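Below is one structure, written out as structure tokens; the observations come after it.
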Amino acid sequence: MNKILTIAQLTVKRELRNKMVYILLAIAFLLIIMARGCTAGKINVEKTFLRPEQIINMGIAISFNAIIFWGLSLCGLLAMSTISRELTEETVVLTVTKPIKRSWFLMGKFLGVLFIIFINLIVLSTGFLLLLYLRTGVVTLSIFSGLMVAFLNFILIISLIFLFSLLLPRVISALLALTIYVISFGLSIPFSFEKIRAYWEPSLSSQLLHYLLPQLGGVHLYATSFISNYFPSSIGFWSVIDVVGYTITIWLAMVLIFQSKEI
Amino acid sequence: MVNTAIEVINLTKDYISVRALDKVSFEIRQGECFGLLGPNGAGKTTLMKILLNLIPPSSGSAKIFDQPIRDEKIREKIGYLPEKVKIYGFLKADEFLDYQGKLYGMDHTRRKKRIEGCLKMVDMYEERFRRIGEYSKGMIQRIGLAQALLNEPDLLLLDEPAVGLDPISNKEIRDVLLKLREAGVTIFINSHLLSEIEMTCDRVAILHKGHLVKMGTKQELTTKGELVELRVEGINDMLIQKLRMVSNQLQSEGDLILLNPKDEETIATIPEIIINHGGKLLSLTTRTESLEDIFYRLIKEEEKSSE
């Protein structure tokens, strides 16, 4: 375990030198500050003016989703180069020729990336809560429960990017994993909202794709249900099981491929 | 007690279009300094990478200290210096060595002591607080050697250790290796620099196009008797043919003829043979066969036999 943490520690040190992490963080903060407008004014939905607490809830849900999408961008940015750069720059050689299993190397890199994303999410969420409290006096700690669930998606996305980057160019790896996320999210909407299903009955191919792809969208909506009653929690449990199952499978494939990879 | 440091049995590595190693077998004894010689593309680096489990063999097997090479624990006893040392440029030398020490599972006190010792050994102690990205190629090579020595290895695998080094650094690193050899460390060096191997190794193997051409001590590989080096003007086929009749081996290139006479008395007849066949003898010198001669002769013999 110590050796895995050593690799993770070095990964954190290396990735924190990536200027894009700070640029993304600054953009996210800027967006949250600008989103305070969402908690003010009047919103007319189906000829009914929303009550102030409903408007605040909507603002919280929008900001929460902004934090998740920001986290996903960070996952893509960091994970796409973590393994591939080690391989192309050949810095991996002096690590894997030490008394460690190759899977430990992957785990160390993975934990390093996850740690940076975790810290960034905490910073961003705390900043958001502070702004929300100063603006409205509302404290919504349930955002952390939602983020914990959403973190499962981050774990799977990083794992997917790691796996793809062993086989494909890094940018394509990140784009592919994020495309899977977007498709899964889009397809989960008619399956999660009954009212939407009334207008949009998914085709057979959409249904097939929905069940074949990891239920990232289901977990995303489940995470949002922790902070807003507008989002369904009914399919959450099975989505979580599905994503965990996918993560384990991806890791097994990744370890097998990396173990036989010529360095 | 295990006496064999490295045991390689019928090791073969196939790539899509080429066989990099072809049923290579050899043993390296503990405490031995073993040199693997070969021209570029002979398969030396492939062999070393297989020993380090960086690439899998197509067939055959290898053991280090009687353990299969896939067992990561065996690497606790190995120090490895790759041909191209690639290190994180944002780290300082002592930070990098600390990272490497942690990967070896060394405790803090031992790491600190060894880092200091290794940096001093490769003459980089004064530079330890500079970022590696600012180092020259030679300095990076020294840090590479320091990390290979960090765990006080029983077996040192060095892939082209002299590449990119100036003559002074080269000599200093050679001195370090000679000290380690005296201390009983098994050393396996891959190189195409013959002088390097000649000065440090007890035994040599010559690898060519994935084949192990010959293996032994320098004495075992040397042809019996002296070598005669001739400079002759007007070399012709008949002259070469006549000289071949009195030689065990003969190589000619331009006006240079290198031959291994069948016996010592033959040397005295050589000028007469040259003059009688229309040649003009410019010089005649005798010497013992160097590793370079051995290498050149064996590679040429191998090429001829494969034609």
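We label chains A, B, ... in the order they appear in the structure tokens, count residues from 1 in each chain, and number ligands from 1 in the order shown.
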Each chain A residue no farther than 12 Å from chain B, nearest pair in Å, only C-alpha atoms, as a Markdown table:
```
| residue | atom | partner | partner_atom | distance |
| --- | --- | --- | --- | --- |
| A:Met1 | CA | B:Gly105 | CA | 10.6 |
| A:Asn2 | CA | B:Lys102 | CA | 8.0 |
| A:Lys3 | CA | B:Leu103 | CA | 5.5 |
| A:Ile4 | CA | B:Leu103 | CA | 8.7 |
| A:Leu5 | CA | B:Lys102 | CA | 9.8 |
| A:Thr6 | CA | B:Lys102 | CA | 6.9 |
| A:Ile7 | CA | B:Tyr99 | CA | 8.1 |
| A:Ala8 | CA | B:Tyr99 | CA | 11.0 |
| A:Gln9 | CA | B:Tyr99 | CA | 9.5 |
| A:Leu10 | CA | B:Tyr99 | CA | 7.9 |
| A:Thr11 | CA | B:Tyr88 | CA | 10.7 |
| A:Lys13 | CA | B:Phe90 | CA | 9.1 |
| A:Arg14 | CA | B:Phe90 | CA | 7.7 |
| A:Glu15 | CA | B:Phe90 | CA | 11.0 |
| A:Leu16 | CA | B:Phe90 | CA | 11.3 |
| A:Arg17 | CA | B:Phe90 | CA | 8.9 |
| A:Asn18 | CA | B:Phe90 | CA | 11.7 |
| A:Arg85 | CA | B:Tyr88 | CA | 11.0 |
| A:Glu86 | CA | B:Tyr88 | CA | 9.5 |
| A:Leu87 | CA | B:Lys86 | CA | 10.7 |
| A:Thr88 | CA | B:Lys86 | CA | 10.4 |
| A:Glu89 | CA | B:Lys86 | CA | 7.1 |
| A:Glu90 | CA | B:Lys86 | CA | 6.0 |
| A:Thr91 | CA | B:Lys86 | CA | 5.1 |
| A:Val92 | CA | B:Lys86 | CA | 8.4 |
| A:Val93 | CA | B:Lys86 | CA | 7.9 |
| A:Leu94 | CA | B:Lys86 | CA | 7.8 |
| A:Thr95 | CA | B:Gln100 | CA | 7.4 |
| A:Val96 | CA | B:Leu54 | CA | 7.8 |
| A:Thr97 | CA | B:Leu52 | CA | 6.2 |
| A:Lys98 | CA | B:Arg75 | CA | 5.8 |
| A:Pro99 | CA | B:Glu72 | CA | 4.8 |
| A:Ile100 | CA | B:Glu72 | CA | 5.8 |
| A:Lys101 | CA | B:Glu72 | CA | 6.3 |
| A:Arg102 | CA | B:Glu72 | CA | 9.2 |
| A:Ser103 | CA | B:Glu72 | CA | 11.5 |
| A:Trp104 | CA | B:Leu103 | CA | 10.6 |
| A:Phe105 | CA | B:Leu103 | CA | 10.3 |
| A:Gly108 | CA | B:Leu103 | CA | 11.5 |
| A:Phe258 | CA | B:Leu54 | CA | 10.6 |
| A:Gln259 | CA | B:Leu54 | CA | 9.0 |
| A:Ser260 | CA | B:Pro56 | CA | 7.1 |
| A:Lys261 | CA | B:Ile55 | CA | 7.1 |
| A:Glu262 | CA | B:Ile55 | CA | 4.6 |
| A:Ile263 | CA | B:Leu54 | CA | 5.3 |
```
Output C-alpha atoms for every residue in the selection just made, as a short mmCIF file (atom, residue, chain, number, x, y, z; two decimals), in the first residue's frame.
```cif
data_model
loop_
_atom_site.label_atom_id
_atom_site.label_comp_id
_atom_site.auth_asym_id
_atom_site.auth_seq_id
_atom_site.Cartn_x
_atom_site.Cartn_y
_atom_site.Cartn_z
CA MET A 1 0.00 0.00 0.00
CA ASN A 2 2.89 2.38 0.82
CA LYS A 3 4.28 1.97 -2.68
CA ILE A 4 0.87 2.74 -4.22
CA LEU A 5 0.64 5.89 -2.09
CA THR A 6 4.19 6.86 -3.14
CA ILE A 7 3.14 6.68 -6.80
CA ALA A 8 -0.09 8.56 -6.02
CA GLN A 9 1.87 11.28 -4.20
CA LEU A 10 4.16 11.79 -7.19
CA THR A 11 1.15 11.87 -9.51
CA LYS A 13 2.82 16.57 -7.48
CA ARG A 14 3.06 16.20 -11.24
CA GLU A 15 -0.56 17.00 -12.04
CA LEU A 16 -0.62 20.05 -9.77
CA ARG A 17 1.92 21.54 -12.16
CA ASN A 18 -0.73 21.41 -14.88
CA ARG A 85 2.50 10.57 -20.83
CA GLU A 86 4.31 8.07 -18.60
CA LEU A 87 4.42 5.67 -21.53
CA THR A 88 5.40 8.12 -24.26
CA GLU A 89 7.99 9.90 -22.12
CA GLU A 90 9.20 6.49 -20.85
CA THR A 91 9.30 7.71 -17.25
CA VAL A 92 7.30 4.57 -16.41
CA VAL A 93 10.41 2.41 -16.96
CA LEU A 94 12.20 3.37 -13.74
CA THR A 95 8.99 2.79 -11.78
CA VAL A 96 7.87 -0.60 -13.09
CA THR A 97 11.40 -2.02 -12.91
CA LYS A 98 11.21 -1.62 -9.15
CA PRO A 99 9.73 -4.35 -6.92
CA ILE A 100 6.11 -3.40 -7.60
CA LYS A 101 3.24 -5.03 -9.47
CA ARG A 102 2.10 -3.18 -12.56
CA SER A 103 -1.39 -2.97 -11.11
CA TRP A 104 0.06 -0.98 -8.21
CA PHE A 105 1.37 1.56 -10.68
CA GLY A 108 -1.19 4.82 -7.66
CA PHE A 258 -1.17 -3.19 -18.87
CA GLN A 259 0.47 -6.37 -17.57
CA SER A 260 1.04 -7.65 -21.08
CA LYS A 261 1.98 -4.26 -22.49
CA GLU A 262 5.50 -3.96 -23.85
CA ILE A 263 7.31 -1.01 -22.29
#
```
query = Neighbours of A:Val171 within 12 Å (only C-alpha atoms; same-chain residues fewer than 4 positions away dropped), as an MDAnalysis selection string?
reply = chainID A and resid 76:82 84:85 161:162 164:167 175:178
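Non-sequential neighbours of stretch 199-203 of chain A (distance at most 12 Å, separation of 5 or more positions within a chain, only C-alpha atoms) are A:Gly186, A:Leu187, A:Ser188, A:Ile189, A:Pro190, A:Phe191, A:Ser192, A:Phe193, A:Glu194, A:Leu208, A:Leu209, A:His210, A:Tyr211.
Remark: for A:Ala150, the closest of the candidate residues A:Leu212, A:Leu256, A:Lys19, A:Phe118 is A:Phe118 (distances computed over only C-alpha atoms).
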Counting only C-alpha atoms, which residues in stretch 137-253 of chain B sit no more than 12 Å from stretch 57-68 of chain B? For each one, give the nearest pair of atoms and the distance in Å, sorted by chain then residue number, as CSV.
```
residue,atom,partner,partner_atom,distance
B:Asp154,CA,B:Phe65,CA,9.5
B:Leu155,CA,B:Ile64,CA,8.9
B:Leu156,CA,B:Ile64,CA,11.5
B:Leu157,CA,B:Ile64,CA,11.4
B:Thr186,CA,B:Phe65,CA,10.8
B:Phe188,CA,B:Ile64,CA,11.9
```
Limited to C-alpha atoms, could you put the picked residues into a file as a PDB file, in the first residue's frame?
```pdb
ATOM      1  CA  ASP B 154      23.157  -7.972  -5.855  1.00  0.00           C
ATOM      2  CA  LEU B 155      22.678  -7.733  -9.600  1.00  0.00           C
ATOM      3  CA  LEU B 156      23.295  -4.663 -11.704  1.00  0.00           C
ATOM      4  CA  LEU B 157      21.812  -4.520 -15.204  1.00  0.00           C
ATOM      5  CA  THR B 186      27.027  -9.351 -10.330  1.00  0.00           C
ATOM      6  CA  PHE B 188      25.519  -7.515 -16.637  1.00  0.00           C
TER       7      PHE B 188
END
```
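Excluding A:Ile250 and any residue on its chain fewer than 2 positions from it, the residues at most 12 Å away by only C-alpha atoms are Ile155, Leu156, Ile157, Ile158, Ser159, Leu160, Ile161, Phe162, Leu163, Phe164, Pro214, Val243, Val244, Gly245, Tyr246, Thr247, Ile248, Leu252, Ala253, Met254, Val255, Leu256, Ile257 and Phe258 of chain A.
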Residue subset to file, keeping N, CA and C atoms, as a PDB file, in the first residue's frame:
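Printed below is result-v1.pdb as written:
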```
ATOM      1  N   ILE A 155     -15.067   8.031 -10.832  1.00  0.00           N
ATOM      2  CA  ILE A 155     -14.182   6.856 -10.738  1.00  0.00           C
ATOM      3  C   ILE A 155     -14.254   6.050 -12.030  1.00  0.00           C
ATOM      4  N   LEU A 156     -15.481   5.843 -12.517  1.00  0.00           N
ATOM      5  CA  LEU A 156     -15.628   5.049 -13.743  1.00  0.00           C
ATOM      6  C   LEU A 156     -15.059   5.792 -14.957  1.00  0.00           C
ATOM      7  N   ILE A 157     -15.298   7.090 -15.023  1.00  0.00           N
ATOM      8  CA  ILE A 157     -14.798   7.858 -16.175  1.00  0.00           C
ATOM      9  C   ILE A 157     -13.266   7.841 -16.204  1.00  0.00           C
ATOM     10  N   ILE A 158     -12.642   8.035 -15.048  1.00  0.00           N
ATOM     11  CA  ILE A 158     -11.161   8.000 -15.003  1.00  0.00           C
ATOM     12  C   ILE A 158     -10.673   6.613 -15.421  1.00  0.00           C
ATOM     13  N   SER A 159     -11.352   5.572 -14.909  1.00  0.00           N
ATOM     14  CA  SER A 159     -10.952   4.199 -15.262  1.00  0.00           C
ATOM     15  C   SER A 159     -11.081   3.976 -16.762  1.00  0.00           C
ATOM     16  N   LEU A 160     -12.192   4.461 -17.337  1.00  0.00           N
ATOM     17  CA  LEU A 160     -12.399   4.306 -18.787  1.00  0.00           C
ATOM     18  C   LEU A 160     -11.295   5.017 -19.578  1.00  0.00           C
ATOM     19  N   ILE A 161     -10.989   6.239 -19.155  1.00  0.00           N
ATOM     20  CA  ILE A 161      -9.946   7.008 -19.876  1.00  0.00           C
ATOM     21  C   ILE A 161      -8.588   6.311 -19.741  1.00  0.00           C
ATOM     22  N   PHE A 162      -8.297   5.809 -18.546  1.00  0.00           N
ATOM     23  CA  PHE A 162      -7.040   5.059 -18.348  1.00  0.00           C
ATOM     24  C   PHE A 162      -6.987   3.878 -19.315  1.00  0.00           C
ATOM     25  N   LEU A 163      -8.086   3.119 -19.358  1.00  0.00           N
ATOM     26  CA  LEU A 163      -8.120   1.929 -20.217  1.00  0.00           C
ATOM     27  C   LEU A 163      -7.956   2.320 -21.691  1.00  0.00           C
ATOM     28  N   PHE A 164      -8.732   3.314 -22.108  1.00  0.00           N
ATOM     29  CA  PHE A 164      -8.659   3.730 -23.521  1.00  0.00           C
ATOM     30  C   PHE A 164      -7.264   4.265 -23.857  1.00  0.00           C
ATOM     31  N   PRO A 214     -22.753   1.861 -19.491  1.00  0.00           N
ATOM     32  CA  PRO A 214     -22.853   2.012 -18.032  1.00  0.00           C
ATOM     33  C   PRO A 214     -23.894   3.077 -17.668  1.00  0.00           C
ATOM     34  N   VAL A 243     -22.838   0.805 -12.294  1.00  0.00           N
ATOM     35  CA  VAL A 243     -21.583   1.565 -12.443  1.00  0.00           C
ATOM     36  C   VAL A 243     -20.447   0.898 -11.676  1.00  0.00           C
ATOM     37  N   VAL A 244     -20.738   0.404 -10.483  1.00  0.00           N
ATOM     38  CA  VAL A 244     -19.696  -0.289  -9.701  1.00  0.00           C
ATOM     39  C   VAL A 244     -19.238  -1.545 -10.456  1.00  0.00           C
ATOM     40  N   GLY A 245     -20.194  -2.287 -11.000  1.00  0.00           N
ATOM     41  CA  GLY A 245     -19.872  -3.494 -11.780  1.00  0.00           C
ATOM     42  C   GLY A 245     -19.007  -3.164 -12.981  1.00  0.00           C
ATOM     43  N   TYR A 246     -19.387  -2.100 -13.679  1.00  0.00           N
ATOM     44  CA  TYR A 246     -18.592  -1.670 -14.842  1.00  0.00           C
ATOM     45  C   TYR A 246     -17.177  -1.284 -14.415  1.00  0.00           C
ATOM     46  N   THR A 247     -17.075  -0.562 -13.303  1.00  0.00           N
ATOM     47  CA  THR A 247     -15.755  -0.103 -12.839  1.00  0.00           C
ATOM     48  C   THR A 247     -14.844  -1.306 -12.565  1.00  0.00           C
ATOM     49  N   ILE A 248     -15.402  -2.317 -11.903  1.00  0.00           N
ATOM     50  CA  ILE A 248     -14.596  -3.515 -11.583  1.00  0.00           C
ATOM     51  C   ILE A 248     -14.147  -4.197 -12.886  1.00  0.00           C
ATOM     52  N   LEU A 252     -10.313  -4.763 -14.289  1.00  0.00           N
ATOM     53  CA  LEU A 252      -9.743  -6.078 -14.619  1.00  0.00           C
ATOM     54  C   LEU A 252      -9.133  -6.053 -16.023  1.00  0.00           C
ATOM     55  N   ALA A 253      -9.867  -5.453 -16.965  1.00  0.00           N
ATOM     56  CA  ALA A 253      -9.378  -5.366 -18.348  1.00  0.00           C
ATOM     57  C   ALA A 253      -8.105  -4.525 -18.400  1.00  0.00           C
ATOM     58  N   MET A 254      -8.121  -3.406 -17.663  1.00  0.00           N
ATOM     59  CA  MET A 254      -6.988  -2.482 -17.673  1.00  0.00           C
ATOM     60  C   MET A 254      -5.720  -3.172 -17.135  1.00  0.00           C
ATOM     61  N   VAL A 255      -5.870  -3.883 -16.023  1.00  0.00           N
ATOM     62  CA  VAL A 255      -4.718  -4.562 -15.418  1.00  0.00           C
ATOM     63  C   VAL A 255      -4.188  -5.632 -16.379  1.00  0.00           C
ATOM     64  N   LEU A 256      -5.101  -6.396 -16.973  1.00  0.00           N
ATOM     65  CA  LEU A 256      -4.673  -7.446 -17.916  1.00  0.00           C
ATOM     66  C   LEU A 256      -3.909  -6.851 -19.103  1.00  0.00           C
ATOM     67  N   ILE A 257      -4.443  -5.770 -19.654  1.00  0.00           N
ATOM     68  CA  ILE A 257      -3.794  -5.140 -20.817  1.00  0.00           C
ATOM     69  C   ILE A 257      -2.447  -4.546 -20.418  1.00  0.00           C
ATOM     70  N   PHE A 258      -2.411  -3.861 -19.279  1.00  0.00           N
ATOM     71  CA  PHE A 258      -1.172  -3.189 -18.868  1.00  0.00           C
ATOM     72  C   PHE A 258      -0.085  -4.203 -18.507  1.00  0.00           C
TER      73      PHE A 258
END
```
task = May I have all residues of stretch 149-234 of chain A that DSSP, computed from the backbone, assigns to alpha helix (DSSP H), given as an MDAnalysis selection string?
result = chainID A and resid 149:167 170:192 194:199 204:212 216:224
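Distance annotation: of A:Phe110, A:Tyr133, A:Phe151, A:Phe237, the residue with the minimal separation from A:Ile67 is A:Phe151; atom set is only C-alpha atoms.
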ask   = Expressed in Å to a single decimal, how great is the separation between atom CA of A:His220 and atom CA of A:Leu131?
value = 23.5 Å
message = Run DSSP on the backbone and tell me which residues of stretch 86-194 of chain B come out as strand (DSSP E or B); list them as a count of residues only.
response = 13
